[in-house]
>>> print(open('run23.cif').read())   # mmCIF, C-alpha atoms and all ligand atoms
data_start
#
loop_
_atom_site.label_atom_id
_atom_site.label_comp_id
_atom_site.auth_asym_id
_atom_site.auth_seq_id
_atom_site.Cartn_x
_atom_site.Cartn_y
_atom_site.Cartn_z
CA MET A 1 -3.30 28.80 -14.83
CA LYS A 2 0.17 27.53 -15.61
CA PRO A 3 0.72 26.23 -19.15
CA ILE A 4 0.92 22.46 -19.58
CA TYR A 5 4.62 21.66 -19.66
CA LEU A 6 5.57 19.41 -22.59
CA ASP A 7 9.19 20.49 -22.94
CA TYR A 8 11.00 17.99 -20.71
CA ASN A 9 13.78 17.63 -23.30
CA ALA A 10 14.65 21.31 -22.83
CA THR A 11 14.80 20.95 -19.08
CA THR A 12 13.00 19.29 -16.18
CA PRO A 13 11.72 20.72 -12.91
CA VAL A 14 13.82 19.77 -9.90
CA ALA A 15 12.11 16.80 -8.23
CA PRO A 16 10.86 17.46 -4.66
CA ALA A 17 13.06 14.65 -3.27
CA VAL A 18 16.05 16.27 -4.97
CA VAL A 19 15.25 19.65 -3.42
CA GLU A 20 14.99 17.99 0.01
CA ALA A 21 18.38 16.33 -0.40
CA MET A 22 19.96 19.63 -1.41
CA LEU A 23 18.51 21.92 1.25
CA PRO A 24 20.93 21.10 4.11
CA PHE A 25 23.82 21.98 1.81
CA LEU A 26 22.32 25.39 1.10
CA ARG A 27 21.84 25.99 4.80
CA GLU A 28 24.04 24.60 7.53
CA GLU A 29 26.30 22.20 5.61
CA PHE A 30 28.39 24.76 3.78
CA GLY A 31 31.81 23.14 4.17
CA ASN A 32 34.46 22.88 1.47
CA PRO A 33 34.96 19.17 0.70
CA SER A 34 38.73 19.70 0.71
CA SER A 35 38.75 20.92 4.35
CA ALA A 36 39.86 18.46 6.99
CA HIS A 37 37.44 19.64 9.72
CA ARG A 38 33.92 18.39 10.34
CA TYR A 39 32.22 20.87 7.99
CA GLY A 40 34.54 19.84 5.17
CA GLN A 41 34.22 16.15 5.89
CA THR A 42 30.40 16.27 5.84
CA ALA A 43 30.53 17.92 2.41
CA HIS A 44 33.17 15.47 1.23
CA HIS A 45 31.09 12.45 2.27
CA ALA A 46 28.01 13.92 0.56
CA VAL A 47 29.95 14.39 -2.70
CA GLU A 48 31.27 10.84 -2.52
CA GLN A 49 27.82 9.44 -1.82
CA ALA A 50 26.48 11.31 -4.86
CA ARG A 51 29.36 9.93 -6.92
CA ARG A 52 28.30 6.41 -5.93
CA GLN A 53 24.66 7.16 -6.78
CA VAL A 54 25.62 8.41 -10.26
CA ALA A 55 27.99 5.47 -10.77
CA ASP A 56 25.25 3.00 -9.77
CA LEU A 57 22.82 4.41 -12.32
CA LEU A 58 25.46 4.24 -15.06
CA GLY A 59 26.81 0.84 -14.00
CA ALA A 60 30.22 2.46 -13.48
CA GLN A 61 32.78 2.69 -10.69
CA PRO A 62 32.68 5.83 -8.51
CA GLN A 63 36.24 6.77 -9.49
CA GLU A 64 35.11 6.85 -13.14
CA ILE A 65 32.71 9.75 -12.44
CA VAL A 66 33.87 13.36 -13.00
CA PHE A 67 31.49 16.12 -11.93
CA THR A 68 31.23 19.03 -14.37
CA SER A 69 29.08 22.14 -14.78
CA GLY A 70 26.72 20.32 -17.15
CA GLY A 71 26.39 18.33 -20.33
CA SER A 72 28.25 20.87 -22.47
CA GLU A 73 31.30 20.88 -20.25
CA ALA A 74 31.25 17.08 -20.02
CA SER A 75 31.33 16.70 -23.81
CA ASN A 76 33.97 19.41 -24.19
CA LEU A 77 36.10 17.62 -21.61
CA ALA A 78 35.63 14.29 -23.37
CA ILE A 79 36.43 15.51 -26.86
CA LYS A 80 39.15 18.08 -26.20
CA GLY A 81 40.46 16.15 -23.22
CA ILE A 82 41.22 13.14 -25.41
CA VAL A 83 42.46 15.05 -28.45
CA PHE A 84 44.59 17.78 -26.82
CA PRO A 85 47.34 15.47 -25.50
CA LEU A 86 47.55 13.92 -28.98
CA LEU A 87 47.78 17.38 -30.51
CA PHE A 88 50.04 19.16 -28.09
CA GLY A 89 51.39 16.57 -25.66
CA ALA A 90 50.42 16.70 -21.99
CA THR A 91 50.43 20.08 -20.22
CA GLN A 92 53.20 19.11 -17.85
CA VAL A 93 55.42 18.69 -20.90
CA SER A 94 54.32 21.95 -22.54
CA CYS A 95 54.86 23.93 -19.32
CA GLY A 96 58.35 22.51 -18.97
CA LEU A 97 59.17 23.53 -22.52
CA ALA A 98 58.39 27.22 -22.08
CA GLY A 99 61.42 29.45 -22.62
CA ASN A 100 63.48 26.91 -24.51
CA ARG A 101 63.89 28.15 -28.11
CA PHE A 102 64.73 24.79 -29.60
CA LEU A 103 61.86 23.07 -27.91
CA ALA A 104 59.48 25.90 -28.70
CA ALA A 105 60.32 25.45 -32.40
CA TRP A 106 59.73 21.74 -32.00
CA GLN A 107 56.32 22.46 -30.49
CA ARG A 108 55.43 24.73 -33.44
CA TRP A 109 56.40 21.96 -35.82
CA TRP A 110 54.34 19.46 -33.81
CA ARG A 111 51.31 21.71 -33.90
CA ARG A 112 51.58 22.23 -37.66
CA LEU A 113 52.15 18.65 -38.70
CA ARG A 114 50.61 16.47 -36.08
CA PRO A 115 46.97 17.55 -36.47
CA ARG A 116 46.83 16.39 -40.08
CA LYS A 117 47.20 12.83 -38.92
CA LEU A 118 44.57 13.19 -36.24
CA HIS A 119 41.08 12.11 -37.15
CA ILE A 120 37.83 12.10 -35.20
CA ILE A 121 34.30 11.09 -36.19
CA THR A 122 30.98 12.58 -35.23
CA SER A 123 27.46 12.77 -36.72
CA ALA A 124 25.44 15.46 -38.45
CA ILE A 125 22.74 15.55 -35.76
CA GLU A 126 24.84 16.11 -32.64
CA HIS A 127 24.07 18.82 -30.13
CA PRO A 128 26.25 21.94 -30.46
CA ALA A 129 28.01 20.78 -27.26
CA THR A 130 29.63 18.15 -29.50
CA LEU A 131 29.60 19.83 -32.91
CA ARG A 132 31.31 23.01 -31.71
CA PRO A 133 34.28 21.35 -29.96
CA CYS A 134 34.70 19.20 -33.09
CA ALA A 135 34.63 22.31 -35.30
CA PHE A 136 37.13 23.97 -32.96
CA LEU A 137 39.47 21.00 -33.27
CA GLN A 138 39.03 21.15 -37.04
CA SER A 139 40.21 24.77 -36.93
CA LEU A 140 43.38 23.44 -35.26
CA GLY A 141 43.94 21.05 -38.15
CA VAL A 142 42.23 17.89 -36.87
CA ARG A 143 40.32 16.00 -39.57
CA VAL A 144 36.66 15.60 -38.65
CA SER A 145 34.35 13.17 -40.42
CA VAL A 146 30.67 14.04 -40.00
CA LEU A 147 28.49 10.98 -40.57
CA PRO A 148 25.13 11.40 -42.32
CA VAL A 149 21.88 10.01 -40.90
CA ASP A 150 18.89 8.40 -42.59
CA ARG A 151 15.28 9.62 -42.63
CA LEU A 152 14.66 8.15 -39.17
CA GLY A 153 17.74 9.84 -37.72
CA LEU A 154 19.95 6.73 -37.55
CA VAL A 155 23.66 7.15 -38.22
CA ASP A 156 24.84 5.49 -41.42
CA LEU A 157 26.98 2.58 -40.19
CA ASP A 158 28.49 2.02 -43.64
CA ALA A 159 29.69 5.61 -43.60
CA LEU A 160 31.17 4.90 -40.16
CA ARG A 161 32.98 1.81 -41.49
CA ARG A 162 34.38 3.87 -44.37
CA ALA A 163 35.45 6.73 -42.07
CA LEU A 164 37.17 4.26 -39.75
CA ARG A 165 39.54 3.23 -42.57
CA GLN A 166 41.58 6.26 -41.55
CA PRO A 167 43.30 5.90 -38.18
CA THR A 168 40.85 7.48 -35.73
CA ALA A 169 41.40 8.80 -32.22
CA LEU A 170 37.78 9.26 -31.17
CA VAL A 171 34.23 8.54 -32.30
CA THR A 172 31.66 10.79 -30.65
CA ILE A 173 28.02 9.97 -31.41
CA MET A 174 25.06 10.93 -29.25
CA HIS A 175 22.96 8.22 -27.59
CA ALA A 176 19.58 9.94 -28.05
CA ASN A 177 18.83 12.95 -30.17
CA ASN A 178 17.34 15.89 -28.29
CA GLU A 179 14.92 16.91 -31.07
CA VAL A 180 13.51 13.68 -32.46
CA GLY A 181 14.61 11.22 -29.76
CA THR A 182 16.11 8.65 -32.15
CA LEU A 183 18.39 6.24 -30.27
CA GLN A 184 21.66 5.30 -31.95
CA PRO A 185 22.99 1.72 -31.87
CA ILE A 186 25.86 2.83 -29.64
CA ARG A 187 26.97 -0.68 -28.73
CA GLU A 188 27.39 -1.55 -32.42
CA ILE A 189 29.11 1.79 -33.08
CA ALA A 190 31.45 1.12 -30.14
CA ARG A 191 32.26 -2.36 -31.43
CA LEU A 192 33.23 -1.01 -34.85
CA ALA A 193 35.24 1.86 -33.36
CA HIS A 194 37.07 -0.35 -30.87
CA GLU A 195 37.96 -2.84 -33.62
CA HIS A 196 39.80 0.07 -35.25
CA GLY A 197 41.43 1.22 -32.04
CA ALA A 198 39.31 4.36 -31.62
CA LEU A 199 37.88 5.54 -28.32
CA VAL A 200 34.12 6.11 -28.05
CA HIS A 201 32.27 8.99 -26.43
CA THR A 202 28.51 9.28 -26.29
CA ASP A 203 26.43 12.28 -25.31
CA ALA A 204 23.75 10.65 -23.15
CA ALA A 205 22.29 13.94 -21.89
CA GLN A 206 18.84 12.99 -23.15
CA SER A 207 18.80 9.28 -22.40
CA VAL A 208 20.10 8.97 -18.83
CA GLY A 209 17.11 8.87 -16.49
CA LYS A 210 14.61 8.15 -19.28
CA ILE A 211 15.78 4.67 -20.23
CA ALA A 212 18.18 2.21 -18.65
CA CYS A 213 21.63 3.00 -19.98
CA THR A 214 24.80 1.62 -18.51
CA VAL A 215 28.33 2.13 -19.75
CA ARG A 216 28.89 -1.63 -19.84
CA GLU A 217 25.83 -2.20 -22.01
CA LEU A 218 26.76 0.66 -24.33
CA ASP A 219 30.46 -0.28 -24.11
CA VAL A 220 31.63 3.34 -24.30
CA ASP A 221 34.82 4.90 -22.95
CA LEU A 222 33.29 8.29 -22.18
CA LEU A 223 29.68 9.35 -21.56
CA SER A 224 28.14 12.76 -20.85
CA VAL A 225 25.24 13.41 -18.47
CA ALA A 226 23.31 16.69 -18.01
CA GLY A 227 21.69 16.96 -14.57
CA HIS A 228 18.86 19.27 -15.56
CA LYS A 229 17.45 16.71 -17.99
CA LEU A 230 16.78 14.25 -15.14
CA TYR A 231 15.21 16.37 -12.40
CA ALA A 232 18.46 17.71 -10.90
CA PRO A 233 19.26 21.43 -11.07
CA LYS A 234 20.82 23.22 -14.02
CA GLY A 235 24.57 23.72 -14.00
CA ILE A 236 25.62 20.22 -12.97
CA GLY A 237 26.69 17.28 -15.09
CA VAL A 238 28.98 14.30 -15.25
CA LEU A 239 31.54 12.85 -17.54
CA TYR A 240 32.05 9.12 -17.15
CA VAL A 241 35.69 8.31 -17.94
CA ARG A 242 36.58 4.65 -18.26
CA GLU A 243 39.13 3.57 -15.64
CA GLY A 244 42.69 3.87 -16.92
CA LEU A 245 41.91 6.52 -19.54
CA THR A 246 43.83 9.76 -19.16
CA LEU A 247 42.55 13.02 -20.45
CA GLU A 248 43.73 16.59 -20.36
CA PRO A 249 41.62 18.72 -17.99
CA GLN A 250 39.93 21.69 -19.60
CA ILE A 251 39.92 23.61 -16.33
CA HIS A 252 43.38 23.58 -14.82
CA GLY A 253 43.89 24.29 -11.15
CA ALA A 254 44.03 22.24 -7.98
CA GLY A 255 43.67 18.48 -8.09
CA HIS A 256 39.90 18.14 -7.73
CA GLU A 257 38.14 15.21 -9.40
CA ARG A 258 41.44 13.27 -9.45
CA GLY A 259 43.09 16.01 -11.47
CA ARG A 260 40.50 15.84 -14.25
CA ARG A 261 38.49 18.99 -13.45
CA ALA A 262 39.72 21.71 -11.11
CA GLY A 263 37.47 23.85 -8.92
CA THR A 264 35.81 23.53 -5.54
CA GLU A 265 32.96 21.10 -5.98
CA ASN A 266 29.41 22.42 -6.45
CA VAL A 267 28.35 20.40 -3.42
CA THR A 268 24.64 21.32 -3.39
CA CYS A 269 24.09 20.51 -7.06
CA ILE A 270 26.24 17.38 -6.87
CA VAL A 271 24.09 16.14 -3.99
CA GLY A 272 21.01 16.99 -6.09
CA LEU A 273 22.33 15.04 -9.05
CA GLY A 274 23.09 12.06 -6.82
CA ALA A 275 19.54 12.13 -5.46
CA ALA A 276 18.13 12.46 -8.99
CA CYS A 277 20.12 9.42 -10.12
CA ALA A 278 18.89 7.40 -7.13
CA LEU A 279 15.33 8.43 -8.01
CA ALA A 280 15.82 7.41 -11.64
CA GLN A 281 17.29 4.08 -10.62
CA ARG A 282 14.37 3.41 -8.28
CA ASP A 283 11.74 4.29 -10.89
CA LEU A 284 13.18 2.80 -14.08
CA PRO A 285 11.91 0.90 -16.06
CA ALA A 286 8.37 1.72 -14.82
CA LEU A 287 8.98 5.41 -15.55
CA SER A 288 9.99 4.62 -19.16
CA GLU A 289 6.72 2.72 -19.57
CA LYS A 290 4.66 5.58 -18.18
CA LEU A 291 6.39 8.08 -20.50
CA ARG A 292 5.84 5.83 -23.50
CA ARG A 293 2.14 5.44 -22.70
CA LEU A 294 1.64 9.19 -22.40
CA ARG A 295 3.63 9.95 -25.54
CA ASP A 296 1.74 7.37 -27.58
CA ARG A 297 -1.61 8.58 -26.25
CA LEU A 298 -0.74 12.08 -27.47
CA TRP A 299 0.33 10.81 -30.87
CA GLN A 300 -2.80 8.69 -31.27
CA ARG A 301 -5.05 11.62 -30.43
CA LEU A 302 -3.29 13.89 -32.93
CA ARG A 303 -3.28 11.22 -35.60
CA ASN A 304 -6.94 10.31 -35.10
CA ALA A 305 -8.00 13.94 -35.41
CA LEU A 306 -5.64 15.16 -38.13
CA GLY A 307 -4.74 12.01 -40.11
CA ASP A 308 -1.99 12.53 -42.68
CA ALA A 309 -1.74 16.20 -41.75
CA VAL A 310 0.57 15.09 -38.90
CA VAL A 311 3.87 13.36 -39.62
CA LEU A 312 6.06 11.61 -37.07
CA HIS A 313 9.71 12.71 -37.17
CA GLY A 314 12.26 10.24 -35.83
CA HIS A 315 12.38 6.49 -35.42
CA PRO A 316 9.00 4.82 -34.72
CA ASP A 317 10.50 2.38 -32.12
CA GLN A 318 14.18 3.14 -31.48
CA ARG A 319 13.30 6.41 -29.82
CA LEU A 320 13.24 8.00 -26.38
CA PRO A 321 9.98 6.98 -24.70
CA ASN A 322 9.08 10.60 -23.90
CA THR A 323 9.76 12.33 -27.22
CA LEU A 324 7.25 13.13 -29.94
CA ASN A 325 8.44 15.35 -32.76
CA VAL A 326 5.49 16.00 -35.03
CA GLY A 327 5.27 17.87 -38.30
CA PHE A 328 1.92 19.66 -38.62
CA VAL A 329 1.65 19.89 -42.41
CA GLY A 330 0.43 23.29 -43.59
CA CYS A 331 1.42 24.96 -40.31
CA VAL A 332 4.49 26.82 -39.13
CA GLY A 333 5.65 25.35 -35.79
CA ALA A 334 6.23 28.71 -34.11
CA GLU A 335 2.82 30.07 -35.22
CA LEU A 336 1.09 26.93 -34.04
CA LEU A 337 2.64 27.19 -30.57
CA GLN A 338 1.79 30.88 -30.40
CA ALA A 339 -1.82 29.88 -30.95
CA VAL A 340 -1.71 27.55 -27.91
CA PRO A 341 -0.27 29.65 -25.07
CA GLN A 342 -1.73 27.12 -22.62
CA LEU A 343 0.99 24.74 -23.81
CA ALA A 344 4.78 24.97 -23.30
CA ALA A 345 6.66 23.05 -26.02
CA SER A 346 9.42 23.61 -28.59
CA THR A 347 9.35 24.16 -32.30
CA GLY A 348 11.52 22.35 -34.82
CA SER A 349 11.74 25.49 -36.87
CA ALA A 350 12.37 29.10 -35.99
CA CYS A 351 10.77 32.15 -37.49
CA HIS A 352 13.24 34.89 -38.26
CA GLU A 353 12.32 38.11 -40.08
CA GLY A 354 9.54 36.42 -42.00
CA GLU A 355 11.65 33.41 -42.95
CA ILE A 356 11.25 29.92 -41.57
CA ARG A 357 14.48 28.31 -40.41
CA ILE A 358 14.34 24.55 -40.32
CA SER A 359 16.28 22.72 -37.64
CA PRO A 360 19.63 21.31 -38.85
CA VAL A 361 18.63 17.93 -37.36
CA LEU A 362 15.45 17.64 -39.46
CA GLN A 363 17.43 18.88 -42.42
CA ALA A 364 20.13 16.27 -41.96
CA MET A 365 17.38 13.63 -41.79
CA GLY A 366 15.98 14.81 -45.11
CA VAL A 367 12.54 15.58 -43.66
CA SER A 368 10.31 17.27 -46.25
CA GLN A 369 10.06 21.05 -45.95
CA ALA A 370 6.29 20.85 -45.58
CA SER A 371 6.46 18.82 -42.40
CA ALA A 372 9.75 20.30 -41.08
CA ARG A 373 8.22 23.79 -41.22
CA GLY A 374 5.41 22.65 -38.97
CA ALA A 375 7.64 20.68 -36.59
CA VAL A 376 6.81 20.78 -32.90
CA ARG A 377 8.71 18.85 -30.24
CA LEU A 378 6.44 17.56 -27.50
CA SER A 379 8.34 15.89 -24.68
CA VAL A 380 6.57 14.41 -21.66
CA GLY A 381 8.01 13.73 -18.22
CA ARG A 382 7.62 12.35 -14.74
CA PHE A 383 4.96 14.90 -13.77
CA THR A 384 2.82 14.77 -16.94
CA SER A 385 -0.73 13.45 -16.47
CA GLU A 386 -3.16 11.79 -18.89
CA GLU A 387 -5.50 14.70 -18.42
CA GLU A 388 -2.79 17.13 -19.55
CA ILE A 389 -2.11 14.97 -22.59
CA ASP A 390 -5.78 15.03 -23.59
CA GLN A 391 -6.01 18.80 -23.10
CA ALA A 392 -2.81 19.38 -25.03
CA ALA A 393 -3.96 17.17 -27.92
CA GLU A 394 -7.31 18.94 -28.12
CA ALA A 395 -5.67 22.39 -28.08
CA LEU A 396 -3.14 21.41 -30.76
CA VAL A 397 -5.80 19.94 -33.03
CA GLN A 398 -7.95 23.07 -32.80
CA ALA A 399 -4.97 25.36 -33.35
CA ALA A 400 -3.62 23.29 -36.26
CA LYS A 401 -7.01 23.52 -38.01
CA ALA A 402 -7.10 27.27 -37.37
CA VAL A 403 -3.59 28.22 -38.51
CA ALA A 404 -3.08 25.71 -41.35
CA ARG A 405 -2.73 27.22 -44.79
CA PRO A 406 -1.79 25.87 -48.20
CA ALA A 407 1.94 25.25 -48.65
CA SER A 408 2.68 28.89 -49.28
CA ALA A 409 5.76 30.63 -50.56
CA ILE A 410 7.28 31.29 -47.14
CA ALA A 411 11.05 31.29 -47.61
CA VAL A 412 12.71 28.38 -45.81
CA VAL A 413 16.35 28.63 -44.81
CA PRO A 414 18.59 26.28 -42.81
CA ALA A 415 19.44 26.89 -39.16
CA ALA A 416 18.34 27.07 -35.49
CA GLU A 417 19.80 24.68 -32.93
CA LYS A 418 17.70 23.38 -30.05
CA PRO A 419 18.72 22.79 -26.42
C1 LIG B 1 21.79 16.16 -26.34
C2 LIG B 1 22.28 17.27 -25.47
N1 LIG B 1 23.59 17.37 -25.21
C3 LIG B 1 24.10 18.33 -24.43
C4 LIG B 1 23.28 19.28 -23.85
C5 LIG B 1 23.89 20.36 -23.03
O1 LIG B 1 23.72 20.14 -21.66
P1 LIG B 1 23.86 21.36 -20.64
O2 LIG B 1 22.70 22.25 -20.90
O3 LIG B 1 23.83 20.74 -19.28
O4 LIG B 1 25.17 22.02 -20.92
C6 LIG B 1 21.90 19.21 -24.09
C7 LIG B 1 20.98 20.20 -23.49
O5 LIG B 1 20.50 21.10 -24.07
C8 LIG B 1 21.39 18.18 -24.92
O6 LIG B 1 20.09 18.09 -25.20
#
>>> encode(input="run23.cif", output="structure tokens", more="lines below")
Ligand SMILES: Cc1ncc(COP(=O)(O)O)c(C=O)c1O
Amino acid sequence: MKPIYLDYNATTPVAPAVVEAMLPFLREEFGNPSSAHRYGQTAHHAVEQARRQVADLLGAQPQEIVFTSGGSEASNLAIKGIVFPLLFGATQVSCGLAGNRFLAAWQRWWRRLRPRKLHIITSAIEHPATLRPCAFLQSLGVRVSVLPVDRLGLVDLDALRRALRQPTALVTIMHANNEVGTLQPIREIARLAHEHGALVHTDAAQSVGKIACTVRELDVDLLSVAGHKLYAPKGIGVLYVREGLTLEPQIHGAGHERGRRAGTENVTCIVGLGAACALAQRDLPALSEKLRRLRDRLWQRLRNALGDAVVLHGHPDQRLPNTLNVGFVGCVGAELLQAVPQLAASTGSACHEGEIRISPVLQAMGVSQASARGAVRLSVGRFTSEEEIDQAAEALVQAAKAVARPASAIAVVPAAEKP
């Protein structure tokens, strides 16, 4: 028997309707969308239809949608794409400068001095797809403010106000956290950032498809989507780029995606993502309600059976409807999941050479070591049933009782990032 899948935040299965939409493009419709003949035009029209489907779900215009290889590339394009021209000038300029000694010296000067004035803001609980590009920019001299979060995982807005006293190019804060599901007040964050002239990017990899989220409502300038979190295949994503905003491509080449991302389009996966967005649009908000019901049923069953030995991590209400991050006090997350092989879920801690590594997100939230050690992320999805929830709860309760031990002297060290 297949394990019960409660790891929809890691990835989702491809929905049958999405597979159906993709199949013709794996078989007979193999054209290159840039070709003028019929094969090419069929592929081109399919890509443009998918672009409209994505735009509709996000409340955007089709020309504001850039297809990428996934959420990581989308966030890299947003962050580096905005900052690079401020750091180095546009590529066209840099290319033209090559070979000129005076101008090359000027460029060196620009690179040394300019970054110090550049400032961007992010938060302590971002996915590595945001944290790493920010750290990379920091290595080039850009100042990066990392905002703390509170115990529920909410970004400290006073810290944001203080950070915005310095001129800021970009604020990049995730919409929903992948581990605990806490939803940030992005609209409020965007208002503050815009008042100070900063652009706003949000990583919405976990929220798009689970809750209604439109770029107008969130009022962001850039927004990342990861296809495999909403029943499209892996390896496809989107960056929404507000009309009129220019950014430096991270993949240079021919003029695909209006010059914002070179490379022959991944037609099959783009069609799949379009179909997945249409599916999400059709099923929201009823899907959100179903997810919430299942998630809360699971929590209630765990709580009724284990009482205070289970602790909820994340915001009680401002949270993704499908995400339940639970600390099983007295347990080690990885050991607990090993004891329930009939269940596929994620831990909030990793076991490494006898040491327990607590997730940086739970650490940033100041979650107690006792519950962070026993953290398990249970994330439900479109195909989860009530029966599976009841079986999963029962299995977890039995396993928690079996593996729990007194808060022992297991060494706890920071680390371990989650997809
Ligand atoms: C919040 C968040 N951002 C970005 C990503 C990266 O997306 P992708 O796997 O498509 O590169 C993930 C997925 O792990 C995620 O959960």
>>> closest_residue(input="run23.cif", among="A:Val144, A:Ala169, A:Val326, A:Leu58", to="Ile211 in chain A", atoms="all atoms listed in the file")
A:Leu58
>>> residues_near_ligand(input="run23.cif", ligand="ligand LIG 1 (chain B)", cutoff="10 Å", atoms="all atoms listed in the file", output="number ranges by chain")
A: 9-11, 68-76, 125-130, 174-179, 181, 202-207, 224-229, 233-238, 417-419
>>> closest_atom_pairs(input="run23.cif", of="range 181-244 of chain A", to="range 304-315 of chain A", cutoff="12 Å", atoms="only C-alpha atoms", output="CSV")
residue,atom,partner,partner_atom,distance
A:Gly181,CA,A:Gly314,CA,6.6
A:Thr182,CA,A:His315,CA,5.4
A:Leu183,CA,A:His315,CA,7.9
A:Gln184,CA,A:His315,CA,10.0
>>> closest_residue(input="run23.cif", among="A:Arg292, A:Ile186, A:Arg297, A:Gly153", to="Val367 in chain A", atoms="all atoms listed in the file")
A:Gly153
>>> residues_near_point(input="run23.cif", point="(14.9, 0.9, -14.9)", cutoff="12 Å", atoms="all atoms listed in the file", output="list in words")
Asp56, Leu57, Leu58, Gly59, Ser207, Val208, Gly209, Lys210, Ile211, Ala212, Cys213, Thr214, Cys277, Ala278, Leu279, Ala280, Gln281, Arg282, Asp283, Leu284, Pro285, Ala286, Leu287, Ser288, Glu289 and Lys290 of chain A
>>> atom_distance(input="run23.cif", atom1="CA of Asp7 in chain A", atom2="CA of Ala345 in chain A")
4.7 Å
>>> residues_around(input="run23.cif", residues="Leu199 in chain A", least_positions_apart="4", cutoff="12 Å", atoms="only C-alpha atoms", output="PyMOL selection string")
chain A and resi 78-79+82-83+119-121+164+167-173+189-195+219-223+241-242+245-247
>>> write_last_selection(input="run23.cif", atoms="C-alpha atoms", output="PDB file, in the frame of the given file")
ATOM      1  CA  ALA A  78      35.630  14.290 -23.370  1.00  0.00           C
ATOM      2  CA  ILE A  79      36.430  15.510 -26.860  1.00  0.00           C
ATOM      3  CA  ILE A  82      41.220  13.140 -25.410  1.00  0.00           C
ATOM      4  CA  VAL A  83      42.460  15.050 -28.450  1.00  0.00           C
ATOM      5  CA  HIS A 119      41.080  12.110 -37.150  1.00  0.00           C
ATOM      6  CA  ILE A 120      37.830  12.100 -35.200  1.00  0.00           C
ATOM      7  CA  ILE A 121      34.300  11.090 -36.190  1.00  0.00           C
ATOM      8  CA  LEU A 164      37.170   4.260 -39.750  1.00  0.00           C
ATOM      9  CA  PRO A 167      43.300   5.900 -38.180  1.00  0.00           C
ATOM     10  CA  THR A 168      40.850   7.480 -35.730  1.00  0.00           C
ATOM     11  CA  ALA A 169      41.400   8.800 -32.220  1.00  0.00           C
ATOM     12  CA  LEU A 170      37.780   9.260 -31.170  1.00  0.00           C
ATOM     13  CA  VAL A 171      34.230   8.540 -32.300  1.00  0.00           C
ATOM     14  CA  THR A 172      31.660  10.790 -30.650  1.00  0.00           C
ATOM     15  CA  ILE A 173      28.020   9.970 -31.410  1.00  0.00           C
ATOM     16  CA  ILE A 189      29.110   1.790 -33.080  1.00  0.00           C
ATOM     17  CA  ALA A 190      31.450   1.120 -30.140  1.00  0.00           C
ATOM     18  CA  ARG A 191      32.260  -2.360 -31.430  1.00  0.00           C
ATOM     19  CA  LEU A 192      33.230  -1.010 -34.850  1.00  0.00           C
ATOM     20  CA  ALA A 193      35.240   1.860 -33.360  1.00  0.00           C
ATOM     21  CA  HIS A 194      37.070  -0.350 -30.870  1.00  0.00           C
ATOM     22  CA  GLU A 195      37.960  -2.840 -33.620  1.00  0.00           C
ATOM     23  CA  ASP A 219      30.460  -0.280 -24.110  1.00  0.00           C
ATOM     24  CA  VAL A 220      31.630   3.340 -24.300  1.00  0.00           C
ATOM     25  CA  ASP A 221      34.820   4.900 -22.950  1.00  0.00           C
ATOM     26  CA  LEU A 222      33.290   8.290 -22.180  1.00  0.00           C
ATOM     27  CA  LEU A 223      29.680   9.350 -21.560  1.00  0.00           C
ATOM     28  CA  VAL A 241      35.690   8.310 -17.940  1.00  0.00           C
ATOM     29  CA  ARG A 242      36.580   4.650 -18.260  1.00  0.00           C
ATOM     30  CA  LEU A 245      41.910   6.520 -19.540  1.00  0.00           C
ATOM     31  CA  THR A 246      43.830   9.760 -19.160  1.00  0.00           C
ATOM     32  CA  LEU A 247      42.550  13.020 -20.450  1.00  0.00           C
TER      33      LEU A 247
END
>>> atom_distance(input="run23.cif", atom1="CA of Glu48 in chain A", atom2="CA of Pro16 in chain A")
21.6 Å
>>> atom_distance(input="run23.cif", atom1="CA of Leu160 in chain A", atom2="CA of Val200 in chain A")
12.5 Å
>>> residues_near_point(input="run23.cif", point="(15.2, 17.5, -1.4)", cutoff="12 Å", atoms="only C-alpha atoms", output="compact mmCIF listing (two decimals) with C-alpha atoms, keeping the file's coordinate frame")
# COMPACT_ATOMS: atom_id res chain seq x y z
CA VAL A 14 13.82 19.77 -9.90
CA ALA A 15 12.11 16.80 -8.23
CA PRO A 16 10.86 17.46 -4.66
CA ALA A 17 13.06 14.65 -3.27
CA VAL A 18 16.05 16.27 -4.97
CA VAL A 19 15.25 19.65 -3.42
CA GLU A 20 14.99 17.99 0.01
CA ALA A 21 18.38 16.33 -0.40
CA MET A 22 19.96 19.63 -1.41
CA LEU A 23 18.51 21.92 1.25
CA PRO A 24 20.93 21.10 4.11
CA PHE A 25 23.82 21.98 1.81
CA LEU A 26 22.32 25.39 1.10
CA TYR A 231 15.21 16.37 -12.40
CA ALA A 232 18.46 17.71 -10.90
CA PRO A 233 19.26 21.43 -11.07
CA THR A 268 24.64 21.32 -3.39
CA CYS A 269 24.09 20.51 -7.06
CA VAL A 271 24.09 16.14 -3.99
CA GLY A 272 21.01 16.99 -6.09
CA LEU A 273 22.33 15.04 -9.05
CA GLY A 274 23.09 12.06 -6.82
CA ALA A 275 19.54 12.13 -5.46
CA ALA A 276 18.13 12.46 -8.99
CA LEU A 279 15.33 8.43 -8.01
>>> closest_residue(input="run23.cif", among="A:Val332, A:Cys134, A:Ala375, A:Val146", to="Leu362 in chain A", atoms="only C-alpha atoms")
A:Ala375
>>> axis_aligned_box(input="run23.cif", around="range 355-372 of chain A", padding_each_side="6 Å", output="AutoDock Vina command-line options")
--center_x 13.2 --center_y 23.5 --center_z -41.8 --size_x 25.8 --size_y 31.8 --size_z 20.9
